[in-house]
Amino acid sequence: MDEPNEQRQQRIKKLEHLREAGVAPYGTRFEVKDRAGQLIKLHSEKTKGILEQEKISCTFAGRVVALRRFGKAGFAVLQDGSDRLQVYLKKDFLSEQTYKVAEQLDLGDWIGVTGVLFRTKTNEFTVEVHQLTFLSKALRPLPEKWHGLTDVETRYRQRYVDLIANPEVHQIFSTRSRIIAGIRTFLIERGFLEVETPMLHPIPGGAAAKPFVTHHNALGVDLYLRIAPELYLKRLVVGGFPRVFEINRNFRNEGISTIHNPEFTMLEFYVSYADYHDLIVLTEELVSSLAQQILGKTVIDYQGKEIRLTPPWRRWSYHQAILEVNSLDPSIFQDRDKAVMVARLLGVEVDPKWPLFNIVNEIFEETVEPNLQQPTIITDYPIEISPLARRKDSDPTLTDRFELYIAGREIANAFSELNDPLDQRERFEGQAIQREAGDEEAHLVDEDFLRALEYGMPPTAGEGIGIDRLIMLFTNQASIRDVMLFPQLRPEK
């Protein structure tokens with residue numbers, strides 16, 4: 001019998017002993033009056049004498065994460081959320097039955113205690129327990145070397161163990177919650193209406209990505225998990241909502257990496273009567289004010305690099321960035337054979353059969369993006385890779401679009417929206433041709449969206465921000481999996 005299973009059997013025996021003693025091993029309601037973190041914050045600086053004088057009573061609950069037994073007494077450490085507090089279990093202070101219960105404790109069990117704060121002979125801030133309530137028996141032992149658990153497979157697959165073993169992980173997800181709440185407050189204070197749009201789409205759209213396909217039995221139709229809410233949010237702008245936003249999940253049937261997960265959280269918002277220049281300023285204000293609110297500063301450390309989030313950020317045009325980073329001649333933007341040759345010289349893998357704009361974009365992604373460490377606004381994207389953006393008045397081959405890059409990765413994508421229904425139809429039809437040629441990420445023709453545009457959409461600017469990547473930046477995490485509670489993994493063998 002392997003050791004974990006043997007320990008499990010021993011714990012089941014202890015569970016039976018508890019039941020024989022009249023103790024419910026899986027208890028019911030327990031009135032928590034205090035939290036460990038609150039007790040530490042309010043009283044942990046007090047001296048032994050002051051604690052003896054004040055006789056501060058408390059009642060809190062937590063998981064047993066450390067145990068030391070000796071004779072008629074013992075110490076345990078209870079973990080309450082991300083905080084830990086030591087408790088002292090002495091036979092003199094507990095009833096005989098209660099002390100027998102204490103003797104059945106294992107690492108991982110949940111208990112509630114009532115007692116008085118004091119300091120031990122070694123001056124440790126501790127609770128002297130007078131009452132103990134058994135709340136839940138853990139049948140599985142914590143993994144070996146669980147203190148500071150580092151095995152990423154276990155950490156991601158068994159996040160519940162990760163949260164027990166690494167209390168600092170609680171802080172990451174607490175920060176995540178505060179960031180999302182801060183974004184929501186920021187937008188609502190500026191007159192945005194929060195809305196919810198469908199997760200199941202009859203036609204995938206709003207981004208260049210391969211969708212997940214499912215089937216609705218009652219309707220007898222295939223549906224797609226949404227890759228972006230864009231086309232539905234624009235329908236609402238057509239309907240007369242001037243400022244809308246949505247924070248929710250998107251799904252893209254693509255690879256998994258340190259910056260990609262098939263299911264991720266996106267903020268998308270739209271502003272009528274504005275253009276992409278307005279959104280640049282709004283984005284600078286949103287990100288910098290969030291950093292100040294959450295971290296107390298706008299100059300932060302990310303993976304050993306100092307990132308300056310204080311506005312204004314650098315502006316750089318798409319084509320100019322490619323030329324300057326790689327010391328190239330503009331002729332590569334007109335000659336596919338030359339672009340293929342340049343890509344190979346730069347070590348960028350491309351298919352010579354690709355359209356020129358795809359080859360150029362691959363060069364941008366592989367050579368320019370990693371160099372964009374400080375916040376950088378890349379503008380003036382080609383129309384071929386911006387099927388939903390408005391043409392630039394000064395150059396119809398380009399669009400009024402920008403992307404925000406920080407720490408070498410895309411954080412936001414925004415543009416002045418295309419509101420010309422005839423131009424939009426032409427671009428959709430061009431995308432459909434690309435799709436027929438084998439591009440699974442190209443857009444389909446969405447007739448209902450085109451019909452909505454024909455009712456008239458005011459000049460509008462829209463933006464999507466990858467919340468998971470923003471949280472990575474704010475919590476100094478190198479992998480997107482470290483800011484998602486349950487990232488996608490291969491099935492267990």
# chains A, B, ... in the order shown; residues from 1 in each chain; ligands from 1
>>> select_by_dssp(residues="region 237-302 of chain A", states="alpha helix (DSSP H)", output="list in words")
Val237, Val238, Tyr276, His277, Asp278, Leu279, Ile280, Val281, Leu282, Thr283, Glu284, Glu285, Leu286, Val287, Ser288, Ser289, Leu290, Ala291, Gln292, Gln293, Ile294 and Leu295 of chain A
>>> residues_around(residues="Val101 (chain A)", least_positions_apart="2", cutoff="12 Å", atoms="only C-alpha atoms", output="VMD selection string")
chain A and resid 14 to 25 89 91 94 to 99 103 to 106 109 111 131 to 135 137
>>> write_last_selection(atoms="N, CA and C atoms", output="short mmCIF file (atom, residue, chain, number, x, y, z; two decimals), in the first residue's frame")
data_model
loop_
_atom_site.label_atom_id
_atom_site.label_comp_id
_atom_site.auth_asym_id
_atom_site.auth_seq_id
_atom_site.Cartn_x
_atom_site.Cartn_y
_atom_site.Cartn_z
N LYS A 14 -9.46 7.70 12.36
CA LYS A 14 -9.63 8.82 13.28
C LYS A 14 -11.03 9.41 13.15
N LEU A 15 -11.51 9.48 11.93
CA LEU A 15 -12.86 9.97 11.69
C LEU A 15 -13.88 9.10 12.43
N GLU A 16 -13.66 7.77 12.38
CA GLU A 16 -14.57 6.86 13.09
C GLU A 16 -14.48 7.05 14.60
N HIS A 17 -13.26 7.29 15.12
CA HIS A 17 -13.10 7.55 16.55
C HIS A 17 -13.86 8.81 16.97
N LEU A 18 -13.82 9.82 16.11
CA LEU A 18 -14.56 11.06 16.42
C LEU A 18 -16.05 10.78 16.51
N ARG A 19 -16.57 10.03 15.56
CA ARG A 19 -18.00 9.72 15.58
C ARG A 19 -18.37 8.89 16.81
N GLU A 20 -17.50 7.95 17.19
CA GLU A 20 -17.76 7.15 18.38
C GLU A 20 -17.78 8.00 19.64
N ALA A 21 -17.02 9.10 19.63
CA ALA A 21 -16.97 10.00 20.78
C ALA A 21 -18.11 11.01 20.76
N GLY A 22 -18.99 10.90 19.76
CA GLY A 22 -20.12 11.82 19.68
C GLY A 22 -19.80 13.14 19.00
N VAL A 23 -18.68 13.18 18.29
CA VAL A 23 -18.27 14.42 17.61
C VAL A 23 -18.57 14.29 16.11
N ALA A 24 -19.26 15.28 15.56
CA ALA A 24 -19.54 15.28 14.12
C ALA A 24 -18.27 15.71 13.38
N PRO A 25 -17.67 14.83 12.58
CA PRO A 25 -16.42 15.18 11.91
C PRO A 25 -16.62 16.17 10.76
N LEU A 89 -2.98 24.46 22.65
CA LEU A 89 -3.96 23.49 23.11
C LEU A 89 -3.40 22.79 24.35
N LYS A 91 -4.32 20.66 27.99
CA LYS A 91 -5.35 19.85 28.62
C LYS A 91 -6.01 20.59 29.78
N LEU A 94 -8.98 22.72 28.56
CA LEU A 94 -10.02 22.09 27.75
C LEU A 94 -10.66 20.95 28.53
N SER A 95 -11.89 20.64 28.18
CA SER A 95 -12.53 19.48 28.81
C SER A 95 -11.82 18.22 28.34
N GLU A 96 -12.01 17.15 29.08
CA GLU A 96 -11.33 15.90 28.74
C GLU A 96 -11.72 15.43 27.35
N GLN A 97 -13.02 15.52 27.01
CA GLN A 97 -13.47 15.08 25.69
C GLN A 97 -12.89 15.97 24.59
N THR A 98 -12.87 17.29 24.87
CA THR A 98 -12.35 18.20 23.86
C THR A 98 -10.88 17.95 23.59
N TYR A 99 -10.12 17.64 24.66
CA TYR A 99 -8.70 17.37 24.45
C TYR A 99 -8.50 16.07 23.65
N GLU A 103 -6.50 15.56 20.14
CA GLU A 103 -5.50 14.52 19.88
C GLU A 103 -5.73 13.81 18.54
N GLN A 104 -6.92 13.96 17.97
CA GLN A 104 -7.23 13.33 16.69
C GLN A 104 -6.91 14.25 15.50
N LEU A 105 -6.38 15.44 15.79
CA LEU A 105 -6.13 16.40 14.72
C LEU A 105 -5.01 15.94 13.80
N ASP A 106 -5.20 16.25 12.52
CA ASP A 106 -4.18 16.02 11.51
C ASP A 106 -3.99 17.31 10.71
N ASP A 109 -6.97 19.45 8.72
CA ASP A 109 -8.29 19.51 9.37
C ASP A 109 -8.71 20.97 9.59
N ILE A 111 -10.82 23.51 12.12
CA ILE A 111 -11.38 23.64 13.47
C ILE A 111 -11.74 25.09 13.74
N GLN A 131 -12.01 26.70 24.07
CA GLN A 131 -13.05 25.88 23.44
C GLN A 131 -12.59 25.52 22.03
N LEU A 132 -12.85 24.28 21.63
CA LEU A 132 -12.46 23.81 20.30
C LEU A 132 -13.65 23.12 19.66
N THR A 133 -13.95 23.48 18.43
CA THR A 133 -15.04 22.85 17.68
C THR A 133 -14.46 22.22 16.42
N PHE A 134 -14.69 20.93 16.25
CA PHE A 134 -14.20 20.24 15.06
C PHE A 134 -15.15 20.55 13.90
N LEU A 135 -14.59 21.01 12.76
CA LEU A 135 -15.44 21.46 11.65
C LEU A 135 -15.37 20.53 10.43
N LYS A 137 -12.95 17.02 8.75
CA LYS A 137 -11.80 16.12 8.74
C LYS A 137 -11.22 16.00 7.34
#
>>> residues_around(residues="Gly462 (chain A)", least_positions_apart="4", cutoff="6 Å", atoms="only C-alpha atoms", output="PyMOL selection string")
chain A and resi 269-270+414-415
>>> residues_around(residues="region 434-447 of chain A", least_positions_apart="4", cutoff="8 Å", atoms="only C-alpha atoms", output="count of residues only")
13
>>> residues_around(residues="Asn248 (chain A)", least_positions_apart="4", cutoff="12 Å", atoms="only C-alpha atoms", output="PyMOL selection string")
chain A and resi 180+184+194-199+226-230+263-269+464-468
>>> residues_around(residues="Val161 (chain A)", least_positions_apart="5", cutoff="8 Å", atoms="only C-alpha atoms", output="list in words")
Leu142, Thr154 and Arg155 of chain A
>>> write_last_selection(atoms="N, CA and C atoms", output="PDB file, in the first residue's frame")
ATOM      1  N   LEU A 142      -1.700  16.541   3.147  1.00  0.00           N
ATOM      2  CA  LEU A 142      -1.144  17.532   2.234  1.00  0.00           C
ATOM      3  C   LEU A 142       0.052  16.913   1.509  1.00  0.00           C
ATOM      4  N   THR A 154       1.124  20.337 -10.082  1.00  0.00           N
ATOM      5  CA  THR A 154       0.251  20.215  -8.913  1.00  0.00           C
ATOM      6  C   THR A 154      -0.391  21.553  -8.583  1.00  0.00           C
ATOM      7  N   ARG A 155       0.383  22.629  -8.690  1.00  0.00           N
ATOM      8  CA  ARG A 155      -0.136  23.948  -8.330  1.00  0.00           C
ATOM      9  C   ARG A 155      -1.328  24.340  -9.209  1.00  0.00           C
TER      10      ARG A 155
END
>>> closest_residue(among="A:Arg315, A:Lys46, A:Lys13, A:Arg63", to="Ile164 (chain A)", atoms="only C-alpha atoms")
A:Arg63
>>> residues_around(residues="region 483-492 of chain A", least_positions_apart="2", cutoff="9 Å", atoms="only C-alpha atoms", output="ChimeraX atom specification")
/A:153,156-159,169,172-173,176,256,261-264,468-469,471-472,475,477,479-481
>>> select_by_dssp(residues="region 17-94 of chain A", states="strand (DSSP E or B)", output="PyMOL selection string")
chain A and resi 26+57-70+73-80+83-90
>>> closest_atom_pairs(of="region 400-446 of chain A", to="region 279-282 of chain A", cutoff="12 Å", atoms="only C-alpha atoms", output="CSV")
residue,atom,partner,partner_atom,distance
A:Asp400,CA,A:Leu279,CA,11.2
A:Arg401,CA,A:Ile280,CA,10.0
A:Phe402,CA,A:Ile280,CA,8.0
A:Glu403,CA,A:Ile280,CA,9.3
A:Leu404,CA,A:Ile280,CA,8.7
A:Ala412,CA,A:Ile280,CA,10.1
A:Asn413,CA,A:Leu279,CA,10.2
A:Ala414,CA,A:Leu279,CA,7.5
A:Phe415,CA,A:Leu279,CA,8.2
A:Ser416,CA,A:Leu279,CA,9.0
A:Glu417,CA,A:Leu279,CA,11.8
>>> write_last_selection(atoms="N, CA and C atoms", output="short mmCIF file (atom, residue, chain, number, x, y, z; two decimals), in the first residue's frame")
data_model
loop_
_atom_site.label_atom_id
_atom_site.label_comp_id
_atom_site.auth_asym_id
_atom_site.auth_seq_id
_atom_site.Cartn_x
_atom_site.Cartn_y
_atom_site.Cartn_z
N ASP A 400 -7.44 53.72 -38.52
CA ASP A 400 -7.36 54.47 -37.26
C ASP A 400 -7.39 53.47 -36.10
N ARG A 401 -6.26 52.84 -35.88
CA ARG A 401 -6.20 51.75 -34.90
C ARG A 401 -4.91 51.87 -34.09
N PHE A 402 -4.98 51.42 -32.85
CA PHE A 402 -3.75 51.30 -32.07
C PHE A 402 -3.79 50.03 -31.23
N GLU A 403 -2.60 49.54 -30.89
CA GLU A 403 -2.46 48.47 -29.90
C GLU A 403 -1.49 48.95 -28.84
N LEU A 404 -1.79 48.59 -27.59
CA LEU A 404 -0.90 48.92 -26.47
C LEU A 404 -0.04 47.71 -26.15
N ALA A 412 -3.77 45.79 -25.13
CA ALA A 412 -5.04 46.35 -25.60
C ALA A 412 -5.01 46.52 -27.11
N ASN A 413 -6.22 46.47 -27.70
CA ASN A 413 -6.41 46.68 -29.13
C ASN A 413 -7.61 47.61 -29.28
N ALA A 414 -7.44 48.69 -30.04
CA ALA A 414 -8.52 49.68 -30.13
C ALA A 414 -8.52 50.34 -31.50
N PHE A 415 -9.67 50.85 -31.88
CA PHE A 415 -9.73 51.60 -33.14
C PHE A 415 -11.00 52.44 -33.22
N SER A 416 -10.93 53.39 -34.14
CA SER A 416 -12.15 54.08 -34.56
C SER A 416 -12.93 53.07 -35.38
N GLU A 417 -14.16 52.83 -34.99
CA GLU A 417 -14.93 51.73 -35.58
C GLU A 417 -15.38 52.06 -37.01
#
>>> closest_residue(among="A:Trp316, A:Tyr273, A:Tyr302, A:Trp110", to="Ala61 (chain A)", atoms="only C-alpha atoms")
A:Trp110
>>> atom_distance(atom1="CA of Leu233 (chain A)", atom2="CA of Ile385 (chain A)")
20.7 Å
>>> closest_residue(among="A:Leu187, A:Ile179, A:Ile433, A:Val87", to="Ala291 (chain A)", atoms="only C-alpha atoms")
A:Ile179
>>> atom_distance(atom1="CA of Asp80 (chain A)", atom2="CA of Gly296 (chain A)")
25.9 Å
>>> closest_residue(among="A:Glu369, A:Asp448, A:Glu285, A:Glu463", to="Pro202 (chain A)", atoms="only C-alpha atoms")
A:Asp448
>>> closest_residue(among="A:Gly74, A:Gly115, A:Pro167, A:Pro375", to="Ile56 (chain A)", atoms="only C-alpha atoms")
A:Gly115
>>> atom_distance(atom1="CA of Gly240 (chain A)", atom2="CA of Phe449 (chain A)")
15.2 Å
>>> decode(residues="region 424-471 of chain A", atoms="N, CA and C atoms", output="CSV table (one decimal), in the first residue's frame")
chain,number,residue,atom,x,y,z
A,424,GLN,N,-17.9,47.8,-44.8
A,424,GLN,CA,-17.9,46.7,-44.0
A,424,GLN,C,-18.2,45.4,-44.7
A,425,ARG,N,-19.3,45.5,-45.6
A,425,ARG,CA,-19.6,44.3,-46.4
A,425,ARG,C,-18.5,43.9,-47.3
A,426,GLU,N,-17.9,44.9,-47.9
A,426,GLU,CA,-16.8,44.6,-48.8
A,426,GLU,C,-15.6,43.9,-48.1
A,427,ARG,N,-15.4,44.3,-46.9
A,427,ARG,CA,-14.2,43.7,-46.1
A,427,ARG,C,-14.6,42.3,-45.6
A,428,PHE,N,-15.9,42.2,-45.2
A,428,PHE,CA,-16.3,40.8,-44.8
A,428,PHE,C,-16.2,39.8,-45.9
A,429,GLU,N,-16.6,40.3,-47.1
A,429,GLU,CA,-16.5,39.4,-48.3
A,429,GLU,C,-15.1,39.1,-48.6
A,430,GLY,N,-14.2,40.0,-48.4
A,430,GLY,CA,-12.8,39.8,-48.7
A,430,GLY,C,-12.2,38.8,-47.6
A,431,GLN,N,-12.7,38.9,-46.4
A,431,GLN,CA,-12.3,37.9,-45.4
A,431,GLN,C,-12.9,36.5,-45.7
A,432,ALA,N,-14.1,36.5,-46.2
A,432,ALA,CA,-14.7,35.2,-46.6
A,432,ALA,C,-13.8,34.5,-47.7
A,433,ILE,N,-13.3,35.3,-48.6
A,433,ILE,CA,-12.4,34.7,-49.6
A,433,ILE,C,-11.2,34.1,-49.0
A,434,GLN,N,-10.6,34.8,-48.0
A,434,GLN,CA,-9.4,34.3,-47.3
A,434,GLN,C,-9.8,33.0,-46.6
A,435,ARG,N,-11.0,33.0,-46.0
A,435,ARG,CA,-11.4,31.8,-45.3
A,435,ARG,C,-11.5,30.6,-46.2
A,436,GLU,N,-12.1,30.8,-47.4
A,436,GLU,CA,-12.2,29.7,-48.4
A,436,GLU,C,-10.8,29.2,-48.8
A,437,ALA,N,-9.8,30.1,-48.7
A,437,ALA,CA,-8.5,29.8,-49.1
A,437,ALA,C,-7.7,29.1,-48.0
A,438,GLY,N,-8.4,28.9,-46.9
A,438,GLY,CA,-7.8,28.1,-45.8
A,438,GLY,C,-7.5,28.8,-44.5
A,439,ASP,N,-7.8,30.1,-44.5
A,439,ASP,CA,-7.5,30.9,-43.2
A,439,ASP,C,-8.7,30.7,-42.3
A,440,GLU,N,-8.5,29.8,-41.3
A,440,GLU,CA,-9.6,29.5,-40.4
A,440,GLU,C,-9.9,30.7,-39.4
A,441,GLU,N,-9.0,31.7,-39.3
A,441,GLU,CA,-9.3,32.8,-38.4
A,441,GLU,C,-10.0,34.0,-39.1
A,442,ALA,N,-10.1,33.9,-40.4
A,442,ALA,CA,-10.8,35.0,-41.1
A,442,ALA,C,-12.3,35.1,-40.8
A,443,HIS,N,-12.8,36.3,-40.9
A,443,HIS,CA,-14.2,36.5,-40.5
A,443,HIS,C,-15.2,35.9,-41.5
A,444,LEU,N,-16.3,35.6,-41.0
A,444,LEU,CA,-17.5,35.2,-41.9
A,444,LEU,C,-18.3,36.5,-42.1
A,445,VAL,N,-19.2,36.4,-43.1
A,445,VAL,CA,-20.1,37.5,-43.4
A,445,VAL,C,-21.3,37.4,-42.4
A,446,ASP,N,-21.4,38.4,-41.5
A,446,ASP,CA,-22.4,38.5,-40.5
A,446,ASP,C,-23.5,39.4,-41.1
A,447,GLU,N,-24.6,38.8,-41.7
A,447,GLU,CA,-25.6,39.6,-42.3
A,447,GLU,C,-26.4,40.4,-41.3
A,448,ASP,N,-26.7,39.9,-40.1
A,448,ASP,CA,-27.4,40.6,-39.1
A,448,ASP,C,-26.7,41.8,-38.7
A,449,PHE,N,-25.3,41.7,-38.5
A,449,PHE,CA,-24.5,42.8,-38.1
A,449,PHE,C,-24.5,43.9,-39.2
A,450,LEU,N,-24.4,43.5,-40.4
A,450,LEU,CA,-24.5,44.4,-41.5
A,450,LEU,C,-25.8,45.1,-41.6
A,451,ARG,N,-26.9,44.4,-41.3
A,451,ARG,CA,-28.2,45.0,-41.3
A,451,ARG,C,-28.3,46.1,-40.2
A,452,ALA,N,-27.7,45.8,-39.0
A,452,ALA,CA,-27.7,46.7,-37.9
A,452,ALA,C,-26.9,48.0,-38.3
A,453,LEU,N,-25.8,47.8,-39.0
A,453,LEU,CA,-25.0,49.0,-39.4
A,453,LEU,C,-25.8,49.9,-40.4
A,454,GLU,N,-26.6,49.2,-41.2
A,454,GLU,CA,-27.4,50.0,-42.2
A,454,GLU,C,-28.5,50.8,-41.5
A,455,TYR,N,-28.8,50.6,-40.3
A,455,TYR,CA,-29.7,51.5,-39.5
A,455,TYR,C,-28.9,52.7,-39.0
A,456,GLY,N,-27.6,52.7,-39.1
A,456,GLY,CA,-26.8,53.8,-38.8
A,456,GLY,C,-26.1,53.7,-37.4
A,457,MET,N,-24.8,53.6,-37.4
A,457,MET,CA,-24.1,53.7,-36.1
A,457,MET,C,-23.3,55.0,-36.1
A,458,PRO,N,-23.4,55.7,-35.0
A,458,PRO,CA,-22.7,57.0,-34.9
A,458,PRO,C,-21.2,56.8,-34.9
A,459,PRO,N,-20.4,57.8,-35.2
A,459,PRO,CA,-18.9,57.6,-35.1
A,459,PRO,C,-18.6,57.1,-33.7
A,460,THR,N,-17.8,56.0,-33.6
A,460,THR,CA,-17.6,55.3,-32.3
A,460,THR,C,-16.2,54.8,-32.3
A,461,ALA,N,-15.6,54.8,-31.1
A,461,ALA,CA,-14.3,54.2,-30.8
A,461,ALA,C,-14.5,53.0,-29.9
A,462,GLY,N,-13.8,51.9,-30.1
A,462,GLY,CA,-13.9,50.8,-29.2
A,462,GLY,C,-12.6,50.2,-28.9
A,463,GLU,N,-12.6,49.4,-27.8
A,463,GLU,CA,-11.3,48.9,-27.3
A,463,GLU,C,-11.5,47.6,-26.5
A,464,GLY,N,-10.5,46.7,-26.7
A,464,GLY,CA,-10.5,45.5,-25.8
A,464,GLY,C,-9.2,45.4,-25.1
A,465,ILE,N,-9.3,45.1,-23.8
A,465,ILE,CA,-8.1,45.0,-22.9
A,465,ILE,C,-8.1,43.6,-22.3
A,466,GLY,N,-7.0,42.9,-22.5
A,466,GLY,CA,-6.8,41.6,-21.9
A,466,GLY,C,-6.5,41.7,-20.4
A,467,ILE,N,-7.5,41.4,-19.6
A,467,ILE,CA,-7.4,41.6,-18.2
A,467,ILE,C,-6.4,40.7,-17.5
A,468,ASP,N,-6.3,39.5,-18.0
A,468,ASP,CA,-5.4,38.5,-17.4
A,468,ASP,C,-3.9,39.0,-17.6
A,469,ARG,N,-3.6,39.6,-18.8
A,469,ARG,CA,-2.3,40.1,-19.0
A,469,ARG,C,-2.0,41.3,-18.2
A,470,LEU,N,-3.0,42.1,-18.0
A,470,LEU,CA,-2.8,43.3,-17.1
A,470,LEU,C,-2.6,42.9,-15.7
A,471,ILE,N,-3.3,41.8,-15.2
A,471,ILE,CA,-3.1,41.3,-13.9
A,471,ILE,C,-1.7,40.7,-13.7
